[in-house]
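As provided, final.csv (CSV, C-alpha atoms) reads as follows.
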```csv
chain,number,residue,atom,x,y,z
T,278,MET,CA,80.7,250.0,113.9
T,279,ASP,CA,78.8,252.3,116.3
T,280,TRP,CA,77.1,255.2,114.6
T,281,THR,CA,75.3,256.5,117.7
T,282,ALA,CA,76.6,259.4,119.7
T,283,ASP,CA,75.7,260.5,123.3
T,284,SER,CA,74.2,264.0,122.7
T,285,ASN,CA,75.4,265.2,126.2
T,286,LYS,CA,79.0,264.4,125.3
T,287,ALA,CA,78.8,265.5,121.7
T,288,LEU,CA,77.4,269.0,122.5
T,289,LYS,CA,80.3,271.2,123.6
T,290,LEU,CA,79.4,274.6,124.9
T,291,SER,CA,81.7,277.5,125.5
T,292,LEU,CA,81.7,281.2,126.6
T,293,VAL,CA,84.1,283.0,124.3
T,294,ARG,CA,86.0,286.1,125.4
T,295,ALA,CA,88.2,288.5,123.3
T,296,PRO,CA,91.9,287.7,123.5
T,297,GLU,CA,92.6,290.7,125.7
T,298,ASP,CA,90.0,289.5,128.2
T,299,LYS,CA,91.3,285.9,128.1
T,300,ALA,CA,94.8,287.1,129.0
T,301,ILE,CA,93.8,288.2,132.5
T,302,LEU,CA,92.1,284.9,133.5
T,303,SER,CA,93.7,282.6,136.0
T,304,ASP,CA,94.8,279.1,135.0
T,305,GLU,CA,91.8,277.5,136.6
T,306,GLU,CA,89.2,279.6,134.9
T,307,ALA,CA,87.8,277.5,132.1
T,308,TYR,CA,84.7,278.3,130.0
T,309,GLU,CA,84.2,275.1,128.0
T,310,PHE,CA,81.6,272.7,129.4
T,311,HIS,CA,78.9,270.2,128.5
T,312,PRO,CA,75.1,270.2,129.2
T,313,SER,CA,73.4,268.2,131.9
T,314,PHE,CA,70.4,267.4,129.7
T,315,THR,CA,69.7,267.3,126.0
T,316,TYR,CA,66.5,265.3,125.9
T,317,PRO,CA,64.3,268.3,125.2
T,318,ILE,CA,66.3,268.8,122.0
T,319,PHE,CA,67.5,265.3,120.9
T,320,GLY,CA,64.9,263.1,122.5
T,321,GLU,CA,64.5,261.0,125.7
T,322,GLU,CA,67.4,258.7,124.9
T,323,GLU,CA,69.8,261.6,124.3
T,324,LYS,CA,71.3,259.8,121.3
T,325,ILE,CA,72.2,261.1,117.8
T,326,TYR,CA,72.5,258.5,115.0
T,327,GLY,CA,74.5,258.6,111.8
T,328,TYR,CA,77.9,259.9,112.9
T,329,ARG,CA,81.3,258.9,114.2
T,330,ASP,CA,83.3,261.2,116.5
T,331,LEU,CA,80.5,263.8,116.4
T,332,VAL,CA,81.3,267.2,117.8
T,333,ILE,CA,78.6,269.9,118.1
T,334,ASP,CA,80.5,273.1,118.8
T,335,LEU,CA,78.1,275.7,120.1
T,336,ARG,CA,79.8,278.9,121.2
T,337,PHE,CA,78.5,282.0,122.9
T,338,SER,CA,80.0,285.5,123.0
T,339,SER,CA,80.5,285.7,126.8
T,340,GLY,CA,78.5,288.9,127.2
T,341,SER,CA,76.0,289.3,124.4
T,342,LEU,CA,75.5,285.6,124.0
T,343,ALA,CA,75.7,285.9,120.2
T,344,GLN,CA,76.1,282.3,118.9
T,345,TYR,CA,78.3,280.2,116.6
T,346,LEU,CA,77.4,276.7,115.6
T,347,SER,CA,79.6,274.1,113.9
T,348,VAL,CA,78.8,270.4,113.5
T,349,SER,CA,81.7,268.0,112.5
T,350,SER,CA,82.4,264.3,112.5
T,351,SER,CA,85.1,261.9,111.2
T,352,GLU,CA,82.5,260.0,109.3
T,353,ARG,CA,78.8,260.3,108.4
T,354,LEU,CA,76.4,257.7,107.0
T,355,PRO,CA,74.9,258.6,103.6
T,356,SER,CA,71.9,260.9,104.1
T,357,THR,CA,68.8,258.9,104.8
T,358,THR,CA,65.7,259.3,106.9
T,359,THR,CA,67.5,257.5,109.8
T,360,VAL,CA,70.5,260.0,109.9
T,361,ASP,CA,69.7,262.7,112.4
T,362,ASP,CA,69.8,266.3,111.2
T,363,VAL,CA,71.8,267.9,114.0
T,364,GLU,CA,71.9,271.5,112.8
T,365,GLY,CA,68.3,271.3,111.7
T,366,THR,CA,67.2,270.1,115.1
T,367,LEU,CA,69.2,272.7,117.0
T,368,TYR,CA,67.9,275.4,114.7
T,369,LYS,CA,64.4,275.0,116.3
T,370,PHE,CA,65.8,276.0,119.7
T,371,ILE,CA,68.2,278.9,119.0
T,372,PRO,CA,67.8,282.2,117.2
T,373,ALA,CA,68.2,282.0,113.5
T,374,ASP,CA,71.0,284.6,113.4
T,375,TYR,CA,73.7,282.3,114.7
T,376,TYR,CA,77.1,282.4,113.0
T,377,ARG,CA,78.4,279.6,110.7
T,378,LYS,CA,81.8,281.2,110.0
T,379,GLU,CA,84.3,281.2,112.8
T,380,GLU,CA,86.2,284.3,111.8
T,381,GLU,CA,82.9,286.3,111.6
T,382,PHE,CA,81.9,285.1,115.1
T,383,LEU,CA,85.3,286.0,116.6
T,384,ALA,CA,85.0,289.4,115.1
T,385,ARG,CA,81.6,289.8,116.8
T,386,VAL,CA,83.2,288.7,120.1
T,387,GLU,CA,85.8,291.4,119.8
T,388,LYS,CA,83.2,294.0,119.0
T,389,ASP,CA,80.8,292.9,121.7
T,390,ALA,CA,83.6,292.9,124.4
T,391,LEU,CA,83.6,296.7,124.2
T,392,SER,CA,80.1,297.5,123.2
T,393,PHE,CA,77.9,295.1,125.2
T,394,LYS,CA,76.4,296.4,128.4
T,395,PRO,CA,73.9,294.7,130.7
T,396,LEU,CA,70.2,295.3,129.9
T,397,GLY,CA,67.8,296.6,132.5
T,398,GLU,CA,68.3,298.2,135.9
T,399,LYS,CA,71.1,297.3,138.3
T,400,ILE,CA,69.7,296.1,141.6
T,401,HIS,CA,72.8,294.7,143.3
T,402,SER,CA,76.6,294.1,143.1
T,403,TYR,CA,79.3,292.3,145.0
T,404,LYS,CA,83.0,291.9,144.6
T,405,ARG,CA,85.3,288.9,144.7
T,406,LYS,CA,89.1,288.5,144.6
T,407,ASN,CA,91.0,285.6,143.1
T,408,ALA,CA,93.4,284.4,145.9
T,409,SER,CA,96.1,284.3,143.3
T,410,GLY,CA,95.6,287.9,142.5
T,411,GLY,CA,95.5,287.3,138.7
T,412,LYS,CA,97.2,284.9,136.4
T,413,GLY,CA,98.0,281.6,138.1
T,414,LYS,CA,96.2,279.1,140.2
T,415,ALA,CA,93.0,280.6,141.7
T,416,LYS,CA,92.5,278.4,144.7
T,417,ALA,CA,89.9,280.5,146.4
T,418,LEU,CA,87.7,283.5,146.0
T,419,VAL,CA,87.7,286.2,148.7
T,420,SER,CA,84.5,288.2,149.0
T,421,SER,CA,84.4,291.7,150.4
T,422,ASP,CA,82.6,294.9,149.9
T,423,ASP,CA,85.9,296.7,150.7
T,424,LEU,CA,87.8,295.4,147.7
T,425,ASP,CA,88.8,297.9,145.0
T,426,GLU,CA,87.5,296.8,141.7
T,427,GLU,CA,90.3,298.8,140.0
T,428,SER,CA,92.8,296.4,141.5
T,429,ASP,CA,94.2,293.4,139.5
T,430,GLY,CA,92.4,290.2,140.4
T,431,VAL,CA,89.3,291.8,141.8
T,432,VAL,CA,86.1,290.8,140.0
T,433,THR,CA,82.8,292.6,140.3
T,434,PHE,CA,79.5,290.8,139.8
T,435,GLU,CA,76.4,292.9,139.0
T,436,VAL,CA,72.7,291.9,139.1
T,437,TYR,CA,70.2,293.5,136.7
T,438,HIS,CA,66.4,293.4,136.6
T,439,ALA,CA,64.7,293.4,133.2
T,440,THR,CA,61.4,292.7,131.5
T,441,PHE,CA,60.3,292.2,127.9
T,442,ALA,CA,59.7,295.9,127.8
T,443,THR,CA,63.4,296.6,128.4
T,444,PRO,CA,64.9,297.6,125.0
T,445,GLY,CA,66.7,294.7,123.4
T,446,PHE,CA,65.9,292.2,126.2
T,447,ARG,CA,63.5,290.1,124.2
T,448,GLU,CA,66.2,289.3,121.7
T,449,TYR,CA,68.7,288.7,124.5
T,450,HIS,CA,66.3,286.3,126.3
T,451,ARG,CA,66.1,284.2,123.1
T,452,ARG,CA,69.8,283.6,123.3
T,453,MET,CA,70.0,282.7,127.0
T,454,GLN,CA,66.9,280.6,127.3
T,455,LEU,CA,68.6,277.5,125.9
T,456,PHE,CA,70.4,277.1,129.2
T,457,ILE,CA,67.1,276.3,130.8
T,458,LEU,CA,66.7,273.2,128.6
T,459,LEU,CA,70.3,272.2,129.2
T,460,TYR,CA,70.5,272.5,133.0
T,461,ILE,CA,67.1,272.4,134.5
T,462,GLU,CA,65.4,269.0,134.5
T,463,ALA,CA,62.0,269.2,132.8
T,464,GLY,CA,62.8,272.8,132.0
T,465,SER,CA,60.9,274.4,129.1
T,466,TYR,CA,60.7,277.7,127.2
T,467,ILE,CA,58.3,280.3,128.6
T,468,GLU,CA,55.6,282.0,126.5
T,469,GLU,CA,57.4,285.0,125.0
T,470,ASP,CA,54.2,286.8,124.2
T,471,ASP,CA,53.3,287.0,127.9
T,472,GLU,CA,54.5,290.5,128.9
T,473,ASN,CA,54.2,289.9,132.6
T,474,TRP,CA,57.5,287.9,132.9
T,475,GLU,CA,60.4,289.6,134.8
T,476,PHE,CA,64.0,288.6,134.9
T,477,VAL,CA,67.0,288.9,137.1
T,478,VAL,CA,70.4,288.4,135.3
T,479,LEU,CA,73.8,288.0,136.9
T,480,TYR,CA,76.9,289.3,135.1
T,481,GLU,CA,80.6,289.2,135.8
T,482,LYS,CA,82.3,292.6,135.3
T,483,ARG,CA,86.0,292.3,134.6
T,484,ARG,CA,88.4,295.2,133.9
T,485,ARG,CA,91.1,295.0,131.3
T,486,ARG,CA,94.7,296.0,132.2
T,487,ASP,CA,94.8,298.8,129.7
T,488,ALA,CA,95.3,302.4,130.7
T,489,SER,CA,91.6,303.1,131.0
T,490,ARG,CA,90.8,299.9,132.9
T,491,THR,CA,88.1,299.1,130.4
T,492,PRO,CA,85.2,297.1,131.9
T,493,THR,CA,83.8,294.1,130.1
T,494,TYR,CA,80.7,292.1,131.0
T,495,HIS,CA,80.2,288.3,130.9
T,496,PHE,CA,77.0,286.3,131.5
T,497,VAL,CA,76.8,284.1,134.6
T,498,GLY,CA,73.2,283.1,135.0
T,499,TYR,CA,69.6,284.3,135.5
T,500,SER,CA,66.2,283.7,137.0
T,501,SER,CA,62.8,284.2,135.6
T,502,LEU,CA,59.9,285.5,137.8
T,503,TYR,CA,56.2,285.7,137.3
T,504,PRO,CA,53.7,287.9,139.2
T,505,PHE,CA,50.3,286.7,140.3
T,506,TYR,CA,47.5,288.9,141.6
T,507,CYS,CA,47.3,289.1,145.4
T,508,PHE,CA,44.2,290.8,146.9
T,509,PRO,CA,43.6,293.7,147.1
T,510,GLU,CA,46.3,295.5,145.0
T,511,ARG,CA,49.6,293.6,145.2
T,512,VAL,CA,51.3,290.6,143.6
T,513,ARG,CA,52.9,287.4,144.7
T,514,MET,CA,56.1,286.9,142.8
T,515,ARG,CA,56.9,283.3,141.8
T,516,LEU,CA,60.4,282.3,141.1
T,517,SER,CA,60.0,280.0,138.0
T,518,GLN,CA,63.5,279.3,136.6
T,519,PHE,CA,67.0,279.6,138.0
T,520,VAL,CA,70.3,278.7,136.4
T,521,ILE,CA,74.0,279.4,137.0
T,522,LEU,CA,76.3,278.2,134.3
T,523,PRO,CA,78.8,275.5,135.2
T,524,PRO,CA,82.0,277.6,135.2
T,525,TYR,CA,80.5,279.7,138.0
T,526,GLN,CA,78.9,276.9,140.0
T,527,ARG,CA,80.0,275.9,143.5
T,528,SER,CA,81.4,279.4,144.1
T,529,GLY,CA,78.5,281.0,146.0
T,530,HIS,CA,77.0,282.8,142.9
T,531,GLY,CA,73.7,280.9,143.2
T,532,SER,CA,73.2,282.1,146.7
T,533,SER,CA,74.2,285.7,145.7
T,534,LEU,CA,71.7,285.7,142.9
T,535,TYR,CA,68.9,284.3,145.1
T,536,ASN,CA,69.7,286.9,147.9
T,537,SER,CA,69.6,289.6,145.3
T,538,ILE,CA,66.2,288.5,144.2
T,539,TYR,CA,64.9,288.3,147.7
T,540,GLN,CA,66.2,291.8,148.5
T,541,TYR,CA,64.6,293.1,145.4
T,542,ILE,CA,61.3,291.5,146.5
T,543,LEU,CA,61.7,293.0,150.0
T,544,ASN,CA,62.2,296.5,148.6
T,545,GLU,CA,59.2,296.4,146.2
T,546,PRO,CA,56.0,297.7,147.8
T,547,ARG,CA,53.9,296.1,145.0
T,548,ILE,CA,55.1,292.6,145.9
T,549,SER,CA,53.6,290.8,148.9
T,550,GLU,CA,55.8,287.7,149.0
T,551,LEU,CA,58.2,285.4,147.1
T,552,THR,CA,57.1,281.9,146.1
T,553,LEU,CA,58.7,279.1,144.2
T,554,GLU,CA,57.5,276.8,141.4
T,555,ASP,CA,58.3,273.1,142.0
T,556,PRO,CA,61.9,273.6,143.2
T,557,ALA,CA,64.5,270.9,142.6
T,558,GLU,CA,66.0,269.4,145.8
T,559,ALA,CA,69.4,271.2,145.3
T,560,PHE,CA,67.7,274.6,144.8
T,561,GLU,CA,65.4,274.0,147.8
T,562,ASP,CA,68.5,273.4,149.9
T,563,LEU,CA,70.1,276.6,148.6
T,564,ARG,CA,66.9,278.6,149.4
T,565,ASP,CA,66.8,277.1,152.9
T,566,LEU,CA,70.3,278.0,153.6
T,567,CYS,CA,69.9,281.6,152.3
T,568,ASP,CA,66.6,282.2,154.1
T,569,LEU,CA,67.9,280.7,157.3
T,570,ARG,CA,71.1,282.8,157.3
T,571,MET,CA,69.0,285.9,156.6
T,572,LEU,CA,66.8,285.2,159.7
T,573,LEU,CA,69.8,284.4,161.9
T,574,ALA,CA,71.4,287.7,160.9
T,575,HIS,CA,68.2,289.7,161.5
T,576,ALA,CA,69.0,291.1,165.0
T,577,GLU,CA,65.4,292.4,165.8
T,578,PHE,CA,63.8,289.2,164.7
T,579,MET,CA,66.2,286.9,166.6
T,580,GLY,CA,66.0,289.0,169.7
T,581,GLU,CA,62.2,288.6,169.8
T,582,ALA,CA,62.5,284.9,168.8
T,583,LEU,CA,64.9,284.0,171.6
T,584,GLY,CA,63.7,286.4,174.2
T,585,GLU,CA,66.7,288.8,174.3
T,586,PRO,CA,69.5,289.9,171.9
T,587,GLY,CA,72.4,287.5,171.7
T,588,ALA,CA,70.7,284.6,173.5
T,589,ALA,CA,72.1,281.1,172.7
T,590,HIS,CA,68.8,279.3,173.5
T,591,ILE,CA,65.1,280.2,173.7
T,592,ILE,CA,64.4,281.8,177.0
T,593,LYS,CA,61.3,280.3,178.6
T,594,GLY,CA,58.4,282.7,178.9
T,595,LYS,CA,60.2,285.3,176.8
T,596,GLY,CA,61.2,283.8,173.5
T,597,LYS,CA,58.4,284.0,170.9
T,598,LEU,CA,59.7,280.8,169.2
T,599,GLY,CA,58.2,278.8,172.1
T,600,PRO,CA,57.6,276.1,171.3
T,601,PRO,CA,54.8,276.3,170.6
T,602,THR,CA,55.5,279.5,168.5
T,603,GLU,CA,53.3,282.5,169.2
T,604,LYS,CA,51.0,282.6,166.0
T,605,GLY,CA,50.3,286.3,166.0
T,606,TRP,CA,54.1,287.1,166.2
T,607,ILE,CA,55.0,284.5,163.5
T,608,GLU,CA,52.4,285.9,161.0
T,609,LYS,CA,53.4,289.5,161.6
T,610,TRP,CA,57.0,288.7,160.7
T,611,ARG,CA,56.1,286.5,157.8
T,612,ARG,CA,54.2,289.4,156.2
T,613,ASP,CA,57.1,291.8,156.9
T,614,LEU,CA,59.7,289.4,155.5
T,615,LYS,CA,57.6,288.4,152.5
T,616,ILE,CA,58.2,284.7,152.8
T,617,ALA,CA,55.6,282.2,151.6
T,618,GLY,CA,53.7,280.4,154.4
T,619,ARG,CA,54.9,276.8,154.1
T,620,GLN,CA,58.6,277.9,153.7
T,621,TYR,CA,58.3,280.2,156.7
T,622,GLN,CA,56.9,277.5,158.9
T,623,ARG,CA,59.7,275.2,157.9
T,624,LEU,CA,62.3,278.0,158.8
T,625,ILE,CA,60.7,278.5,162.1
T,626,GLU,CA,60.9,274.8,162.8
T,627,MET,CA,64.6,274.8,161.9
T,628,LEU,CA,65.2,277.8,164.2
T,629,ILE,CA,63.5,276.1,167.1
T,630,LEU,CA,65.5,272.9,166.5
T,631,LYS,CA,68.7,275.0,166.5
T,632,HIS,CA,67.9,276.9,169.7
T,633,VAL,CA,65.8,274.6,171.9
T,634,GLU,CA,67.5,272.8,174.8
T,635,PRO,CA,67.5,269.1,173.8
T,636,SER,CA,67.2,268.1,177.4
T,637,ASP,CA,64.0,270.0,177.9
T,638,THR,CA,61.5,267.2,177.3
T,639,LYS,CA,58.4,269.4,177.6
T,640,ALA,CA,59.8,271.8,174.9
T,641,MET,CA,60.8,268.9,172.6
T,642,ARG,CA,57.4,267.4,172.9
T,643,ALA,CA,55.8,270.8,172.0
T,644,TYR,CA,58.1,271.1,169.1
T,645,ARG,CA,57.2,267.6,167.8
T,646,LEU,CA,53.5,268.4,168.0
T,647,GLN,CA,54.0,271.7,166.2
T,648,VAL,CA,55.8,270.1,163.3
T,649,LYS,CA,53.3,267.2,163.2
T,650,GLU,CA,50.4,269.7,163.1
T,651,ARG,CA,51.8,271.3,160.0
T,652,LEU,CA,52.5,267.9,158.4
T,653,TYR,CA,49.0,266.7,159.1
T,654,LYS,CA,47.4,269.8,157.5
T,655,PHE,CA,49.7,269.6,154.5
T,656,ASN,CA,49.0,265.9,153.9
T,657,TYR,CA,45.4,265.9,155.2
T,658,GLN,CA,43.8,264.1,152.3
T,659,ILE,CA,46.3,261.2,152.3
T,660,LEU,CA,46.4,260.8,156.1
T,661,THR,CA,42.6,260.7,156.5
T,662,GLU,CA,42.4,257.6,154.3
T,663,MET,CA,44.6,255.7,156.8
T,664,THR,CA,43.6,254.1,160.1
T,665,ARG,CA,44.5,255.9,163.3
T,666,GLU,CA,47.4,253.6,164.0
T,667,GLU,CA,48.7,254.0,160.4
T,668,ARG,CA,48.3,257.8,160.6
T,669,LEU,CA,50.2,258.1,163.8
T,670,GLU,CA,53.0,255.8,162.5
T,671,LYS,CA,53.3,257.8,159.3
T,672,LEU,CA,53.4,261.1,161.0
T,673,GLU,CA,56.1,260.0,163.3
T,674,GLU,CA,58.1,258.5,160.4
T,675,THR,CA,57.7,261.8,158.4
T,676,PHE,CA,58.6,263.9,161.5
T,677,GLN,CA,61.9,262.0,162.0
T,678,ASN,CA,62.7,262.4,158.3
T,679,VAL,CA,62.0,266.1,158.4
T,680,LYS,CA,64.0,266.5,161.6
T,681,GLU,CA,67.0,264.7,159.9
T,682,GLY,CA,66.7,267.0,156.9
T,683,TYR,CA,66.7,270.1,159.2
T,684,GLN,CA,69.8,268.9,161.0
T,685,ALA,CA,71.6,268.5,157.7
T,686,ILE,CA,70.7,272.1,156.7
T,687,LEU,CA,71.7,273.4,160.2
T,688,SER,CA,75.0,271.7,160.0
T,689,ALA,CA,75.8,273.7,156.9
T,690,ILE,CA,75.2,277.0,158.5
```
Can the structure from this file be put into structure tokens for me?
Amino acid sequence: MDWTADSNKALKLSLVRAPEDKAILSDEEAYEFHPSFTYPIFGEEEKIYGYRDLVIDLRFSSGSLAQYLSVSSSERLPSTTTVDDVEGTLYKFIPADYYRKEEEFLARVEKDALSFKPLGEKIHSYKRKNASGGKGKAKALVSSDDLDEESDGVVTFEVYHATFATPGFREYHRRMQLFILLYIEAGSYIEEDDENWEFVVLYEKRRRRDASRTPTYHFVGYSSLYPFYCFPERVRMRLSQFVILPPYQRSGHGSSLYNSIYQYILNEPRISELTLEDPAEAFEDLRDLCDLRMLLAHAEFMGEALGEPGAAHIIKGKGKLGPPTEKGWIEKWRRDLKIAGRQYQRLIEMLILKHVEPSDTKAMRAYRLQVKERLYKFNYQILTEMTREERLEKLEETFQNVKEGYQAILSAI
């Protein structure tokens, strides 16, 4: 008989709404899901020993994130040192005020549905419409600023900026930080006693169908940011953690949250640029797409880059993209756009690849040399340990891989 459970499968997460709020959901909107990782909690093997048919039911009030925990199984081995203490283990990672009685938790959900409001300052919002217009199969989401949020089927999403100085946010952060462990590989809790942390939180705002069209708020995801001193009197803002919960993934909300953060950075005089901390490959792709779309939509920048507004290719002798790209121009725009150096260079390389004439052998050679120059500087220490032949071969191999990656990103634009 197998007494070992997979902790990823045993842990069932859910975002719980009040009955009146559940009634307006479409058939495809489901808010029960499982974690991607549980090794920070239950160990590297992600196994729990001592139970059969183990279910760890961890529920969150969809807005306030108040928690309910229930651990059940069809059989359990007699208590010994080898039987894992599931609740005792989870207790170390969640606030101590979680509910153990279901009826008390559901009463809290009802109360919070009307009383909970997002914490901090609203910095952005956008609207979506379920293609079904309400109950039924929601096959698509239509996004438009022209939508009326008072209409059935229209959902508003709001983005808020907060810090630990925001009243009530420290306690709120203790409830939401568990998602970092469950969905970011190698994710960890931040130091709560460091007051410099800043947060950007995304909420869904849904209106009830009552006479007053009562708004209710539901947690979607968040990002944590940390400022570092930048001479002489500004800061570089590092994006440290970023998570969108599974029910909201693959719907463009990650891009919307990232774009909201970027616009916040752009509008803050105290911030010199946005940087990232060891991004996962999927998030790096998201950032590339968002940044690239932003540049392509920037009429003044693209007009100078290509040589004239609306040009399809780089105009020789006029387009600042070159190649080679004019360095003074590139640095001026980098500072204005507050993009970190390496990321900005990569974006410029993507733009050149998109707009250069492939048949122009001279331009393609200049492009190859520009990319290789960056790669050489970035990998200088490793490359200088190689022979000249090995170095040239490695640079060419890396260039081809980089170019292939750029083409994949460009094909998604």
(request) Extract, using all atoms listed in the file, all DNA, RNA and protein residues at most 10 Å from T:Ser517, discarding same-chain residues fewer than 4 positions from it, and format them as an NGL selection string. (result) :T and (464 or 467 or 474 or 476 or 500-503 or 552-556)
Stretch 332-353 of chain T near stretch 438-452 of chain T within 8 Å: what's each residue's closest atom pair and its distance in Å to one decimal, counting all atoms listed in the file, ordered by chain then ascending residue number, as a Markdown table?
```
| residue | atom | partner | partner_atom | distance |
| --- | --- | --- | --- | --- |
| T:Ser341 | CA | T:Tyr449 | CA | 7.3 |
| T:Leu342 | CA | T:Arg452 | CA | 6.1 |
| T:Ala343 | CA | T:Arg452 | CA | 7.1 |
| T:Gln344 | CA | T:Arg452 | CA | 7.8 |
```
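With atom CA of T:Val648 on one side and atom CA of T:Glu673 on the other, the separation reads 10.1 Å.
Residues in contact with T:Val679 at up to 12 Å, not including ones fewer than 4 positions away on its chain and judged by all atoms listed in the file, are Arg623, Leu624, Glu626, Met627, Leu630, Arg645, Val648, Lys649, Arg651, Leu652, Leu672, Glu673, Glu674, Thr675, Tyr683, Gln684, Ala685 and Ile686 of chain T.
Using only C-alpha atoms, the protein and nucleic acid residues lying no more than 7 Å from stretch 393-402 of chain T, apart from those fewer than 2 places from it along its own chain, are Gly340, Ser341, Asp389, Ala390, Leu391, Lys404, Thr433, Phe434, Glu435, Val436, Tyr437, His438, Ala439, Thr443, Phe446, Tyr494 and Ser537 of chain T.
Take the candidates T:Phe508, T:Tyr460, T:Tyr368, T:Tyr328 and check each one against T:Phe314 using all atoms listed in the file; the shortest distance goes to T:Tyr460.
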All residues 6 Å or closer to stretch 285-297 of chain T, only C-alpha atoms, same chain fewer than 6 positions away omitted, as an mmCIF file with C-alpha atoms, keeping the file's coordinate frame:
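Below is the file part-v6.cif, written as the result:
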```cif
data_model
loop_
_atom_site.group_PDB
_atom_site.id
_atom_site.type_symbol
_atom_site.label_atom_id
_atom_site.label_comp_id
_atom_site.auth_asym_id
_atom_site.auth_seq_id
_atom_site.Cartn_x
_atom_site.Cartn_y
_atom_site.Cartn_z
ATOM 1 C CA TYR T 308 84.700 278.300 130.000
ATOM 2 C CA GLU T 309 84.200 275.100 128.000
ATOM 3 C CA PHE T 310 81.600 272.700 129.400
ATOM 4 C CA HIS T 311 78.900 270.200 128.500
ATOM 5 C CA PRO T 312 75.100 270.200 129.200
ATOM 6 C CA LEU T 331 80.500 263.800 116.400
ATOM 7 C CA VAL T 332 81.300 267.200 117.800
ATOM 8 C CA ILE T 333 78.600 269.900 118.100
ATOM 9 C CA ASP T 334 80.500 273.100 118.800
ATOM 10 C CA LEU T 335 78.100 275.700 120.100
ATOM 11 C CA ARG T 336 79.800 278.900 121.200
ATOM 12 C CA PHE T 337 78.500 282.000 122.900
ATOM 13 C CA SER T 338 80.000 285.500 123.000
ATOM 14 C CA SER T 339 80.500 285.700 126.800
ATOM 15 C CA VAL T 386 83.200 288.700 120.100
ATOM 16 C CA GLU T 387 85.800 291.400 119.800
#
```
(request) Please return, as a ChimeraX atom specification, all polymer residues that have at least one atom within 12 Å of the point (90.4, 261.9, 117.4); use only C-alpha atoms and the file's own coordinate frame. (result) /T:329-332,349-352
For those residues, write C-alpha atoms to a file as an mmCIF file, in the frame of the given file.
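What landed in result22.cif:
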```cif
data_model
loop_
_atom_site.group_PDB
_atom_site.id
_atom_site.type_symbol
_atom_site.label_atom_id
_atom_site.label_comp_id
_atom_site.auth_asym_id
_atom_site.auth_seq_id
_atom_site.Cartn_x
_atom_site.Cartn_y
_atom_site.Cartn_z
ATOM 1 C CA ARG T 329 81.300 258.900 114.200
ATOM 2 C CA ASP T 330 83.300 261.200 116.500
ATOM 3 C CA LEU T 331 80.500 263.800 116.400
ATOM 4 C CA VAL T 332 81.300 267.200 117.800
ATOM 5 C CA SER T 349 81.700 268.000 112.500
ATOM 6 C CA SER T 350 82.400 264.300 112.500
ATOM 7 C CA SER T 351 85.100 261.900 111.200
ATOM 8 C CA GLU T 352 82.500 260.000 109.300
#
```
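The closest residue to T:Glu581, picked from T:Ala463, T:Ser303, T:Arg564, T:Trp606 and counting all atoms listed in the file, is T:Trp606.
Nearest-residue note for T:Leu614: choosing from T:Lys388, T:His495, T:His575, T:Arg353, the minimum distance belongs to T:His575, counting all atoms listed in the file.
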(message) I'd like to know which of T:Pro355, T:Leu346, T:Arg612, T:Arg485 is closest to T:Asp374, using all atoms listed in the file.
(response) T:Leu346
(message) Which residues are near T:Phe456? Cut-off 9 Å, only C-alpha atoms, ignore same chain within fewer than 5 positions. Put them as a list of chain:residue names.
(response) T:Pro312, T:Ile461, T:Gly498, T:Val520, T:Ile521, T:Leu522
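The coordinates place atom CA of T:Thr357 at 18.6 Å from atom CA of T:Gly320.
Going from atom CA of T:Gln677 to atom CA of T:Gly618 covers 21.5 Å.
For the choices T:Ile629, T:Leu543, T:Leu669, T:Leu572, the atom-to-atom distance to T:Gly596 is smallest for T:Ile629 when using all atoms listed in the file.
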